[in-house]
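start_17.cif (mmCIF, C-alpha atoms and all ligand atoms)
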```
data_entry
loop_
_atom_site.label_atom_id
_atom_site.label_comp_id
_atom_site.auth_asym_id
_atom_site.auth_seq_id
_atom_site.Cartn_x
_atom_site.Cartn_y
_atom_site.Cartn_z
CA MET A 23 -36.94 -23.84 -0.14
CA ASN A 24 -34.61 -21.78 -2.26
CA ALA A 25 -36.95 -19.27 -3.83
CA GLY A 26 -34.66 -18.51 -6.73
CA THR A 27 -32.04 -20.97 -7.87
CA GLU A 28 -31.62 -19.24 -11.20
CA GLN A 29 -32.69 -15.74 -10.24
CA ARG A 30 -31.12 -13.91 -7.35
CA SER A 31 -33.22 -13.94 -4.22
CA LYS A 32 -33.96 -10.74 -2.37
CA TYR A 33 -32.48 -12.05 0.88
CA LYS A 34 -29.78 -14.48 1.91
CA ILE A 35 -30.49 -16.11 5.22
CA ALA A 36 -28.06 -18.35 7.11
CA TRP A 37 -29.89 -21.37 8.48
CA LEU A 38 -28.16 -22.62 11.62
CA PRO A 39 -30.13 -25.39 13.37
CA GLY A 40 -27.29 -26.32 15.77
CA ASP A 41 -27.89 -29.02 18.38
CA GLY A 42 -30.74 -31.01 19.85
CA ILE A 43 -34.19 -29.50 19.46
CA GLY A 44 -32.68 -26.62 17.47
CA VAL A 45 -33.29 -28.83 14.44
CA ASP A 46 -36.92 -29.57 15.39
CA VAL A 47 -37.91 -25.97 15.98
CA LEU A 48 -36.23 -24.67 12.82
CA ASP A 49 -38.00 -27.34 10.76
CA ALA A 50 -41.34 -26.04 12.04
CA THR A 51 -40.29 -22.46 11.32
CA LYS A 52 -39.37 -23.41 7.77
CA ILE A 53 -42.98 -24.51 7.17
CA VAL A 54 -44.16 -21.04 8.16
CA LEU A 55 -41.59 -19.13 6.08
CA GLU A 56 -42.26 -21.32 3.04
CA LYS A 57 -45.96 -20.57 3.27
CA LEU A 58 -45.18 -16.84 3.30
CA LYS A 59 -43.11 -17.22 0.13
CA LEU A 60 -40.43 -14.89 1.44
CA ASP A 61 -38.05 -14.24 -1.47
CA ALA A 62 -35.05 -15.73 0.27
CA LYS A 63 -32.25 -18.17 -0.18
CA TYR A 64 -31.64 -20.21 2.96
CA ILE A 65 -28.06 -21.41 3.35
CA HIS A 66 -27.22 -24.12 5.85
CA GLY A 67 -24.36 -23.40 8.26
CA ASP A 68 -22.46 -25.88 10.43
CA ILE A 69 -22.54 -24.97 14.10
CA GLY A 70 -22.67 -26.82 17.39
CA TRP A 71 -21.38 -29.66 19.47
CA GLU A 72 -20.60 -32.05 16.65
CA PHE A 73 -18.12 -29.52 15.20
CA TRP A 74 -16.56 -28.92 18.58
CA ARG A 75 -16.00 -32.67 19.04
CA THR A 76 -14.65 -33.37 15.59
CA GLU A 77 -12.98 -30.09 14.61
CA GLY A 78 -12.37 -28.44 17.96
CA ASP A 79 -14.52 -25.48 16.96
CA ALA A 80 -18.27 -25.18 17.52
CA LEU A 81 -18.37 -22.18 15.17
CA PRO A 82 -16.15 -23.21 12.25
CA GLU A 83 -14.48 -20.53 10.15
CA ARG A 84 -16.64 -21.46 7.13
CA THR A 85 -19.74 -20.56 9.15
CA VAL A 86 -18.17 -17.24 10.19
CA ASP A 87 -17.54 -16.59 6.47
CA LEU A 88 -21.12 -17.48 5.62
CA LEU A 89 -22.36 -14.98 8.21
CA LYS A 90 -20.31 -12.26 6.52
CA HIS A 91 -22.37 -12.69 3.36
CA VAL A 92 -25.95 -12.97 4.55
CA ASP A 93 -28.66 -10.48 5.50
CA ALA A 94 -29.75 -12.35 8.60
CA ALA A 95 -29.56 -15.73 10.30
CA MET A 96 -32.00 -18.08 11.99
CA PHE A 97 -30.34 -20.05 14.74
CA GLY A 98 -31.75 -23.03 16.68
CA ALA A 99 -29.93 -24.01 19.85
CA ILE A 100 -26.56 -25.09 21.16
CA THR A 101 -25.36 -27.56 23.74
CA SER A 102 -22.79 -25.95 26.02
CA LYS A 103 -20.67 -27.63 28.68
CA PRO A 104 -18.08 -26.35 31.14
CA VAL A 105 -14.49 -26.20 29.83
CA LYS A 106 -13.22 -29.49 31.31
CA ALA A 107 -16.31 -31.55 30.43
CA ALA A 108 -16.12 -30.17 26.88
CA GLU A 109 -12.46 -31.11 26.46
CA LEU A 110 -13.22 -34.72 27.44
CA GLU A 111 -15.61 -35.07 24.51
CA LEU A 112 -13.10 -34.03 21.85
CA ILE A 113 -11.95 -36.77 19.48
CA PRO A 114 -8.62 -38.22 20.72
CA GLU A 115 -6.53 -36.39 18.06
CA LEU A 116 -7.73 -33.03 19.40
CA GLN A 117 -7.37 -33.73 23.10
CA GLY A 118 -4.62 -32.07 25.14
CA LYS A 119 -4.05 -29.40 22.48
CA GLY A 120 -5.25 -26.60 24.71
CA ARG A 121 -8.51 -26.06 22.86
CA ILE A 122 -11.06 -24.18 24.92
CA TYR A 123 -14.78 -24.52 24.34
CA ARG A 124 -16.46 -21.18 23.79
CA SER A 125 -20.17 -20.76 23.30
CA PRO A 126 -20.78 -20.12 19.57
CA ILE A 127 -23.71 -17.81 20.22
CA VAL A 128 -21.59 -15.64 22.51
CA ARG A 129 -18.88 -15.64 19.82
CA MET A 130 -21.32 -14.65 17.08
CA ARG A 131 -22.54 -11.79 19.23
CA GLN A 132 -18.99 -10.53 19.73
CA LEU A 133 -17.53 -11.22 16.29
CA PHE A 134 -20.37 -9.42 14.53
CA ASP A 135 -20.96 -6.83 17.23
CA LEU A 136 -24.60 -7.87 17.65
CA TYR A 137 -24.95 -5.46 20.51
CA VAL A 138 -28.71 -5.48 20.95
CA CYS A 139 -30.33 -8.54 22.43
CA LEU A 140 -34.02 -7.83 21.94
CA ARG A 141 -36.43 -10.05 23.88
CA PRO A 142 -40.13 -9.25 23.72
CA CYS A 143 -42.32 -11.12 26.20
CA LYS A 144 -46.01 -10.93 25.44
CA SER A 145 -48.84 -13.02 26.86
CA TYR A 146 -51.12 -14.22 24.06
CA SER A 147 -54.66 -14.72 25.20
CA GLY A 148 -55.71 -18.34 25.47
CA ASN A 149 -52.25 -19.55 26.41
CA PRO A 150 -52.84 -21.82 29.43
CA LEU A 151 -49.27 -21.10 30.53
CA ASN A 152 -49.73 -17.36 30.97
CA TYR A 153 -48.77 -16.26 34.44
CA ARG A 154 -50.94 -13.17 33.91
CA GLU A 155 -52.90 -11.85 30.98
CA ASP A 156 -51.92 -8.59 29.27
CA ILE A 157 -48.20 -8.79 29.83
CA ASP A 158 -46.29 -6.97 27.13
CA LEU A 159 -42.68 -6.44 28.13
CA VAL A 160 -39.74 -5.72 25.87
CA ILE A 161 -36.25 -6.37 27.16
CA PHE A 162 -33.14 -4.77 25.72
CA ARG A 163 -30.09 -6.66 26.92
CA GLU A 164 -26.57 -5.44 26.13
CA ASN A 165 -25.06 -8.34 24.22
CA THR A 166 -21.28 -7.97 23.90
CA GLU A 167 -19.74 -6.82 27.20
CA ASP A 168 -19.95 -7.38 30.93
CA LEU A 169 -19.20 -10.84 32.37
CA TYR A 170 -19.41 -12.20 28.83
CA SER A 171 -16.25 -10.34 27.79
CA GLY A 172 -14.28 -13.55 28.28
CA VAL A 173 -11.55 -11.86 30.33
CA GLU A 174 -11.14 -14.49 33.01
CA PHE A 175 -8.36 -15.98 35.11
CA ASN A 176 -8.23 -19.29 36.97
CA PRO A 177 -5.58 -19.53 38.32
CA VAL A 178 -4.83 -15.84 38.61
CA PRO A 179 -1.41 -14.77 37.23
CA ALA A 180 0.93 -13.39 39.91
CA GLU A 181 1.40 -10.15 37.96
CA LEU A 182 -2.30 -9.47 38.04
CA ALA A 183 -2.61 -10.29 41.76
CA ASP A 184 0.32 -7.98 42.52
CA LEU A 185 -1.19 -5.18 40.54
CA LEU A 186 -4.57 -5.59 42.19
CA THR A 187 -2.93 -5.58 45.63
CA LYS A 188 -1.31 -2.29 44.70
CA LEU A 189 -4.32 -0.67 43.09
CA SER A 190 -7.30 -1.96 45.02
CA GLU A 191 -7.68 -1.81 48.75
CA PRO A 192 -10.60 -4.28 48.87
CA PHE A 193 -8.40 -6.83 47.08
CA GLY A 194 -6.37 -6.98 50.32
CA VAL A 195 -8.65 -9.67 51.75
CA PHE A 196 -7.71 -12.01 48.89
CA GLN A 197 -4.01 -11.25 49.08
CA ASP A 198 -3.05 -14.44 50.90
CA VAL A 199 -5.20 -16.81 48.85
CA PRO A 200 -3.00 -19.18 46.76
CA LEU A 201 -3.19 -18.10 43.12
CA ASN A 202 -4.48 -21.48 41.98
CA GLU A 203 -7.34 -21.15 44.45
CA LEU A 204 -8.34 -17.77 43.11
CA ALA A 205 -10.54 -17.08 40.08
CA ILE A 206 -11.44 -13.75 38.50
CA SER A 207 -14.07 -13.07 35.83
CA SER A 208 -14.07 -9.48 34.67
CA LYS A 209 -17.21 -7.43 34.39
CA ILE A 210 -16.20 -4.99 31.67
CA ILE A 211 -18.54 -2.34 30.37
CA THR A 212 -17.90 0.70 28.22
CA LYS A 213 -19.59 4.06 27.81
CA ARG A 214 -20.10 3.34 24.10
CA GLY A 215 -21.62 -0.09 24.75
CA SER A 216 -23.92 1.24 27.44
CA GLU A 217 -24.99 4.29 25.52
CA ARG A 218 -25.96 2.43 22.36
CA ILE A 219 -28.09 -0.21 24.09
CA ILE A 220 -29.85 2.39 26.24
CA ARG A 221 -30.43 4.57 23.18
CA ALA A 222 -31.81 1.55 21.30
CA ALA A 223 -34.30 0.98 24.13
CA PHE A 224 -35.46 4.60 24.12
CA GLU A 225 -35.69 4.73 20.34
CA PHE A 226 -37.82 1.59 20.37
CA ALA A 227 -40.06 3.14 23.03
CA ARG A 228 -40.47 6.29 20.93
CA LYS A 229 -41.17 4.40 17.72
CA HIS A 230 -43.74 2.11 19.32
CA GLY A 231 -45.45 4.69 21.50
CA ARG A 232 -44.33 3.13 24.74
CA LYS A 233 -44.31 5.27 27.83
CA LYS A 234 -41.55 4.03 30.09
CA VAL A 235 -38.03 2.62 30.03
CA THR A 236 -36.84 0.87 33.21
CA VAL A 237 -33.10 0.51 33.72
CA ILE A 238 -32.24 -2.66 35.64
CA HIS A 239 -28.96 -2.45 37.56
CA LYS A 240 -27.12 -3.04 40.80
CA ALA A 241 -25.59 0.40 41.05
CA ASN A 242 -25.69 0.40 44.86
CA VAL A 243 -23.08 -2.39 45.10
CA VAL A 244 -21.39 -2.80 41.74
CA ARG A 245 -20.68 0.87 41.50
CA ALA A 246 -18.03 1.24 38.82
CA THR A 247 -19.85 -0.63 36.07
CA GLU A 248 -23.53 -0.66 37.02
CA GLY A 249 -23.23 2.85 38.43
CA MET A 250 -21.84 4.06 35.12
CA PHE A 251 -24.64 2.32 33.22
CA LEU A 252 -27.27 4.09 35.32
CA ASP A 253 -25.54 7.47 34.96
CA ILE A 254 -25.43 7.04 31.18
CA ALA A 255 -29.14 6.17 31.13
CA ARG A 256 -29.90 9.48 32.83
CA VAL A 257 -27.94 11.37 30.18
CA VAL A 258 -29.48 9.49 27.23
CA HIS A 259 -32.92 10.12 28.71
CA GLU A 260 -32.47 13.86 28.13
CA ASP A 261 -32.98 13.19 24.42
CA PHE A 262 -36.30 11.43 25.09
CA PRO A 263 -38.17 13.75 27.46
CA GLU A 264 -41.60 12.34 26.52
CA ILE A 265 -40.64 8.90 27.86
CA GLU A 266 -40.44 8.17 31.57
CA LEU A 267 -37.16 6.85 32.92
CA ASP A 268 -37.48 4.42 35.79
CA ASP A 269 -34.81 2.29 37.44
CA ALA A 270 -34.67 -0.70 39.74
CA ASN A 271 -32.17 -3.01 41.34
CA VAL A 272 -32.00 -6.37 39.63
CA ASP A 273 -32.89 -8.35 42.76
CA ALA A 274 -35.86 -6.14 43.54
CA ILE A 275 -37.16 -6.34 39.99
CA CYS A 276 -37.42 -10.12 40.33
CA MET A 277 -40.06 -9.52 43.00
CA TRP A 278 -41.78 -6.49 41.50
CA LEU A 279 -42.04 -7.95 38.05
CA LEU A 280 -43.95 -10.90 39.45
CA LYS A 281 -46.09 -8.73 41.67
CA LYS A 282 -46.94 -5.91 39.28
CA PRO A 283 -45.91 -6.79 35.74
CA LYS A 284 -48.06 -4.02 34.33
CA ASN A 285 -45.80 -1.43 35.92
CA TYR A 286 -43.14 -2.34 33.38
CA ASP A 287 -42.87 -1.73 29.69
CA VAL A 288 -39.45 -1.46 28.01
CA MET A 289 -36.56 -2.65 30.17
CA VAL A 290 -32.83 -2.27 29.58
CA ALA A 291 -29.95 -3.99 31.33
CA THR A 292 -26.31 -4.93 31.11
CA ASN A 293 -25.55 -8.35 29.65
CA ARG A 294 -25.64 -10.67 32.67
CA PHE A 295 -28.65 -9.14 34.38
CA GLY A 296 -30.46 -8.95 31.04
CA ASP A 297 -29.83 -12.67 30.58
CA ILE A 298 -31.41 -13.43 33.94
CA ILE A 299 -34.43 -11.15 33.79
CA SER A 300 -35.25 -12.28 30.25
CA ASP A 301 -35.76 -15.86 31.47
CA LEU A 302 -37.94 -14.58 34.29
CA ALA A 303 -40.03 -12.51 31.88
CA ALA A 304 -40.30 -15.42 29.41
CA GLN A 305 -41.64 -17.66 32.17
CA MET A 306 -44.37 -15.12 32.85
CA VAL A 307 -45.69 -15.51 29.31
CA GLY A 308 -45.51 -19.28 29.02
CA GLY A 309 -41.92 -20.31 29.54
CA LEU A 310 -39.07 -20.80 27.16
CA GLY A 311 -41.40 -22.14 24.47
CA PHE A 312 -42.48 -18.51 24.07
CA GLY A 313 -39.17 -16.67 24.58
CA CYS A 314 -38.17 -15.22 21.22
CA SER A 315 -35.06 -13.20 20.67
CA GLY A 316 -32.96 -11.20 18.25
CA ASN A 317 -29.23 -10.51 18.39
CA ILE A 318 -28.99 -7.35 16.35
CA GLY A 319 -26.04 -5.37 15.01
CA GLN A 320 -25.59 -2.75 12.30
CA THR A 321 -25.31 -5.11 9.34
CA LEU A 322 -26.24 -8.56 10.63
CA ALA A 323 -28.85 -9.95 12.98
CA VAL A 324 -29.22 -13.49 14.31
CA PHE A 325 -32.62 -14.61 15.53
CA GLU A 326 -33.10 -17.49 17.96
CA PRO A 327 -35.41 -18.87 20.61
CA SER A 328 -33.90 -18.15 24.02
CA HIS A 329 -34.22 -21.78 25.11
CA GLY A 330 -31.42 -24.34 25.06
CA SER A 331 -30.97 -27.53 23.05
CA ALA A 332 -32.91 -29.82 25.47
CA PRO A 333 -30.98 -32.97 24.41
CA LYS A 334 -33.54 -35.31 25.96
CA TYR A 335 -36.19 -34.14 23.47
CA ALA A 336 -33.88 -33.94 20.45
CA GLY A 337 -35.42 -35.24 17.24
CA MET A 338 -38.70 -36.16 18.95
CA TYR A 339 -40.55 -33.20 17.41
CA LYS A 340 -42.28 -32.67 20.71
CA VAL A 341 -41.21 -29.21 21.85
CA ASN A 342 -42.99 -25.95 21.21
CA PRO A 343 -41.67 -24.06 18.15
CA ILE A 344 -43.55 -20.82 18.91
CA ALA A 345 -40.48 -19.10 20.37
CA THR A 346 -38.62 -19.76 17.13
CA ILE A 347 -41.54 -18.84 14.89
CA LEU A 348 -41.90 -15.53 16.75
CA SER A 349 -38.14 -15.04 16.34
CA ALA A 350 -38.65 -15.46 12.58
CA ARG A 351 -41.30 -12.78 12.89
CA MET A 352 -38.66 -10.51 14.45
CA MET A 353 -36.34 -11.34 11.57
CA LEU A 354 -38.98 -10.26 9.04
CA ASP A 355 -39.39 -6.97 10.89
CA TRP A 356 -35.66 -6.44 10.82
CA LEU A 357 -35.53 -7.13 7.09
CA GLY A 358 -38.28 -4.55 6.62
CA GLU A 359 -40.95 -7.16 5.75
CA THR A 360 -43.24 -5.87 8.46
CA GLU A 361 -46.45 -7.06 6.85
CA MET A 362 -45.21 -10.62 6.68
CA GLY A 363 -43.95 -10.29 10.24
CA PHE A 364 -47.31 -9.10 11.41
CA ALA A 365 -49.01 -11.96 9.56
CA ILE A 366 -46.94 -14.47 11.54
CA GLU A 367 -47.80 -12.82 14.82
CA ARG A 368 -51.51 -12.69 13.97
CA ALA A 369 -51.57 -16.35 12.89
CA THR A 370 -49.68 -17.45 16.00
CA ALA A 371 -52.00 -15.48 18.27
CA GLU A 372 -55.00 -17.09 16.56
CA VAL A 373 -53.71 -20.62 16.99
CA ILE A 374 -53.02 -19.93 20.66
CA ARG A 375 -56.45 -18.35 21.17
CA GLU A 376 -58.29 -21.25 19.51
CA GLY A 377 -56.41 -23.75 21.66
CA LYS A 378 -57.02 -26.67 19.33
CA VAL A 379 -53.38 -27.24 18.51
CA ARG A 380 -51.12 -27.39 21.53
CA THR A 381 -47.70 -28.87 22.18
CA TYR A 382 -47.02 -30.85 25.36
CA ASP A 383 -45.85 -27.83 27.40
CA MET A 384 -49.29 -26.26 26.78
CA GLY A 385 -51.03 -29.44 27.89
CA GLY A 386 -51.60 -30.76 24.37
CA THR A 387 -50.38 -33.67 22.30
CA ASN A 388 -49.52 -31.97 19.02
CA SER A 389 -46.07 -32.18 17.56
CA THR A 390 -43.60 -29.41 16.79
CA LEU A 391 -44.39 -29.69 13.09
CA GLU A 392 -48.16 -29.73 13.63
CA MET A 393 -47.81 -26.43 15.46
CA GLY A 394 -45.80 -25.03 12.53
CA GLU A 395 -48.45 -26.27 10.10
CA ALA A 396 -51.32 -24.85 12.17
CA ILE A 397 -49.69 -21.42 12.12
CA ALA A 398 -48.85 -21.69 8.40
CA THR A 399 -52.45 -22.62 7.58
CA ARG A 400 -53.70 -19.35 9.06
CA LEU A 401 -51.39 -17.16 7.03
C1 LIG A 501 -29.17 -16.76 26.32
C2 LIG A 501 -28.41 -17.97 26.79
C3 LIG A 501 -26.93 -17.79 26.47
C4 LIG A 501 -26.44 -16.61 27.29
C5 LIG A 501 -26.06 -19.03 26.67
C6 LIG A 501 -26.55 -20.20 25.88
C7 LIG A 501 -24.62 -18.76 26.36
O1 LIG A 501 -28.65 -18.19 28.13
O2 LIG A 501 -29.11 -16.45 25.12
O3 LIG A 501 -29.82 -16.12 27.14
O4 LIG A 501 -26.04 -16.78 28.45
O5 LIG A 501 -26.46 -15.51 26.76
MG MG A 502 -30.12 -16.92 28.94
#
```
As structure tokens, what does this structure read like?
Amino acid sequence: MNAGTEQRSKYKIAWLPGDGIGVDVLDATKIVLEKLKLDAKYIHGDIGWEFWRTEGDALPERTVDLLKHVDAAMFGAITSKPVKAAELELIPELQGKGRIYRSPIVRMRQLFDLYVCLRPCKSYSGNPLNYREDIDLVIFRENTEDLYSGVEFNPVPAELADLLTKLSEPFGVFQDVPLNELAISSKIITKRGSERIIRAAFEFARKHGRKKVTVIHKANVVRATEGMFLDIARVVHEDFPEIELDDANVDAICMWLLKKPKNYDVMVATNRFGDIISDLAAQMVGGLGFGCSGNIGQTLAVFEPSHGSAPKYAGMYKVNPIATILSARMMLDWLGETEMGFAIERATAEVIREGKVRTYDMGGTNSTLEMGEAIATRL
């Protein structure tokens, strides 16, 4: 696969299959990229559950180093478990050492400041799983802040509880709860973080001739953070007068999006709500087998399907690789190889339209690799 062992390749791409079906879907994607003859060197990186169990780190330092020296990364999927369940699976030598499992994808997003989570959801005609035809939504999810900040307490330290009692009247109702029965996860957002994701959404809308950006929030209840996000959107909008600014509460959007998907175009949200609405939107265009995604920063971007590692299908080459292949398409766009990117999209759309090659989720019997080959053949 290495396009230039002697000569330098144009791009260095970290290849991070991870766990479970992450391997299957990246293998299918490799078939497509090889056919395109992208001038790239693909470098394998260790990541995932095996490295948590045996080294106590699902994102080993050597993989972090690798990511510092590549142009982009393709990432498969990761198995995640709650803290206590994860600790039980460590090899005996590592148990009881206070190691805490942290999701490697969340860590990559934070370590490399991959602040844009870009999730296009488009219904390709002929896909039997389309909830509606003609859906073409693009979600911008803030990717580094909010409930994902990792600032959490369980139990809550006495100092913190005392301070909250002093500073926050509503905290009064929790004042008598024993500290070991109290848990706090902090929803932290910043002006800088909000501004740059909202600006990214508007810039995308301008570049692609899209008419409307909808801000998804819960400003009526979560006023400090979500209220600030909405206020910032109104200010950023002043620089994009030709684009309509719309906003909706996150709960309401779950109804409206199903009812009138065509009323929406580009959507932008804080991290947690963006996570939730992107699964909803992916389901409308065929489910997680079609949910592609990019985690994009200034100097690095990591592309991945938004599905999980589906351990029960691992290694069976049964699942749909289209989400990953469309993520590779996003990677090509990011690298500036837009023609190759477009070629992948066109070939994928053709295979879906013809309907001759379908994985099990689409009602077919073809394998993951057969889907990759079918798309590669049309390039
Ligand atoms: C996603 C996933 C991740 C998230 C998990 C795997 C940590 O759901 O990329 O949407 O919550 O961000
Ligand atoms: Mg998610």
Near-ligand residues for ligand LIG 501 (chain A), threshold 7 Å, all atoms listed in the file, as a list in words: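 For ligand LIG 501 (chain A), the residues inside 7 Å are Ile100, Ser102, Ser125, Ile127, Val128, Asp297, Ser328 and Gly330 of chain A.
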Could you list the protein, DNA and RNA residues that have any atom within 10 Å of ligand MG 502 (chain A), counting only C-alpha atoms and all ligand atoms, and write them as a ChimeraX atom specification? /A:293-302,310,328-330
Of the listed residues A:Gly70, A:Gly231, A:Gly172, A:Gly316, that which approaches A:Leu354 most closely, counting all atoms listed in the file: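 Nearest candidate to A:Leu354 out of A:Gly70, A:Gly231, A:Gly172, A:Gly316: A:Gly316.
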In Å to one decimal, how far is atom CA of A:Ile344 from atom CA of A:Val379? 11.7 Å
Around the point (-35.6, -0.6, 29.5) in the file's coordinates, collect all residues with an atom within 7 Å, using only C-alpha atoms, and return them as a PyMOL selection string. chain A and resi 161-162+223+235-237+288-291
What are the nearest atom pairs, with distances in Å to one decimal, for all residues of stretch 287-368 of chain A that come at most 10 Å from stretch 48-69 of chain A, using only C-alpha atoms, set out by chain and rising residue number as a tab-separated table?
```
residue	atom	partner	partner_atom	distance
A:Glu326	CA	A:Leu48	CA	9.4
A:Pro327	CA	A:Leu48	CA	9.7
A:Tyr339	CA	A:Ala50	CA	9.0
A:Asn342	CA	A:Ala50	CA	9.3
A:Pro343	CA	A:Ala50	CA	6.4
A:Ile344	CA	A:Thr51	CA	8.4
A:Ala345	CA	A:Thr51	CA	9.7
A:Thr346	CA	A:Thr51	CA	6.6
A:Ile347	CA	A:Thr51	CA	5.2
A:Leu348	CA	A:Thr51	CA	8.9
A:Ser349	CA	A:Thr51	CA	9.2
A:Ala350	CA	A:Thr51	CA	7.3
A:Arg351	CA	A:Leu55	CA	9.3
A:Leu354	CA	A:Leu60	CA	9.0
A:Glu359	CA	A:Leu60	CA	8.9
A:Met362	CA	A:Leu58	CA	7.1
A:Gly363	CA	A:Leu58	CA	9.6
A:Ala365	CA	A:Leu58	CA	8.8
A:Ile366	CA	A:Val54	CA	7.9
```
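Using all atoms listed in the file for every distance, the candidate list A:Ser171, A:Leu136, A:Val160, A:Trp278 yields A:Val160 as the residue closest to A:Lys234.
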From A:Val105, A:Leu81, A:Met250, A:Ala303, residue lying nearest A:Cys276 [all atoms listed in the file]: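 Of A:Val105, A:Leu81, A:Met250, A:Ala303, the one nearest A:Cys276 is A:Ala303, counting all atoms listed in the file.
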If you count all atoms listed in the file, which residues fall within 10 Å of A:Lys34, apart from same-chain ones fewer than 2 positions away, as number ranges by chain? A: 24, 30-32, 36-37, 61-65, 88-89, 91-95
Can you work out the spacing between atom CA of A:Lys284 and atom CA of A:Cys314 in Å, to one decimal? 19.9 Å
Which residue out of A:Leu140, A:Met384, A:Leu267, A:Leu252 has the minimum interatomic distance to A:Gly313 when all atoms listed in the file are used? A:Leu140
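Of the residues under consideration (A:Arg131, A:Lys233, A:Arg380, A:Arg154), A:Lys233 shows the shortest atom-to-atom contact distance to A:Glu264 when counting only C-alpha atoms.
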Find the residues around A:Glu376 up to 12 Å (only C-alpha atoms counted), leave out those fewer than 6 positions away in its own chain, and share them as a ChimeraX atom specification. /A:146-150,369-370,396-397,400
Which residue, A:Lys378, A:Val373, A:Phe226, A:Lys106, has the smallest gap to A:Pro142 when you use all atoms listed in the file?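 Among the listed residues, A:Phe226 lies closest to A:Pro142.
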Closest pair table for stretch 229-304 of chain A residues within 7 Å of stretch 215-222 of chain A, all atoms listed in the file, as CSV:
```
residue,atom,partner,partner_atom,distance
A:Phe251,CA,A:Ser216,CA,5.9
A:Ile254,CA,A:Glu217,CA,6.3
A:Ala255,CA,A:Ile220,CA,6.2
A:Val258,CA,A:Arg221,CA,6.4
A:Val290,CA,A:Ile220,CA,6.5
```
Return as JSON the box centre and box size in Å, one decimal, for an axis-aligned box around all listed atoms of stretch 371-390 of chain A padded by 8 Å per side.
```
{"center_x": -50.9, "center_y": -24.6, "center_z": 22.2, "size_x": 30.7, "size_y": 34.2, "size_z": 27.3}
```
Model the absent atoms of stretch 198-202 of chain A so that all heavy atoms are present, and write the result as a CSV table (one decimal), in the coordinates of the input.
```
chain,number,residue,atom,x,y,z
A,198,ASP,N,-3.8,-13.2,50.5
A,198,ASP,CA,-3.0,-14.4,50.9
A,198,ASP,C,-3.6,-15.7,50.3
A,198,ASP,O,-3.2,-16.8,50.6
A,198,ASP,CB,-3.1,-14.5,52.4
A,198,ASP,CG,-2.4,-13.3,53.0
A,198,ASP,OD1,-1.4,-12.9,52.4
A,198,ASP,OD2,-2.8,-12.9,54.1
A,199,VAL,N,-4.6,-15.6,49.5
A,199,VAL,CA,-5.2,-16.8,48.8
A,199,VAL,C,-4.2,-17.3,47.8
A,199,VAL,O,-3.8,-16.6,46.9
A,199,VAL,CB,-6.6,-16.5,48.2
A,199,VAL,CG1,-7.2,-17.7,47.5
A,199,VAL,CG2,-7.5,-15.9,49.2
A,200,PRO,N,-3.9,-18.7,47.8
A,200,PRO,CA,-3.0,-19.2,46.8
A,200,PRO,C,-3.6,-18.9,45.4
A,200,PRO,O,-4.8,-19.0,45.2
A,200,PRO,CB,-3.0,-20.7,47.0
A,200,PRO,CG,-3.5,-20.9,48.4
A,200,PRO,CD,-4.3,-19.7,48.8
A,201,LEU,N,-2.7,-18.6,44.4
A,201,LEU,CA,-3.2,-18.1,43.1
A,201,LEU,C,-4.0,-19.2,42.4
A,201,LEU,O,-4.9,-18.8,41.6
A,201,LEU,CB,-2.0,-17.6,42.3
A,201,LEU,CG,-1.3,-16.4,42.8
A,201,LEU,CD1,-0.1,-16.1,41.9
A,201,LEU,CD2,-2.2,-15.2,42.9
A,202,ASN,N,-3.7,-20.4,42.7
A,202,ASN,CA,-4.5,-21.5,42.0
A,202,ASN,C,-5.8,-21.7,42.7
A,202,ASN,O,-6.6,-22.6,42.3
A,202,ASN,CB,-3.7,-22.8,41.8
A,202,ASN,CG,-3.3,-23.3,43.2
A,202,ASN,OD1,-3.5,-22.7,44.2
A,202,ASN,ND2,-2.7,-24.5,43.2
```
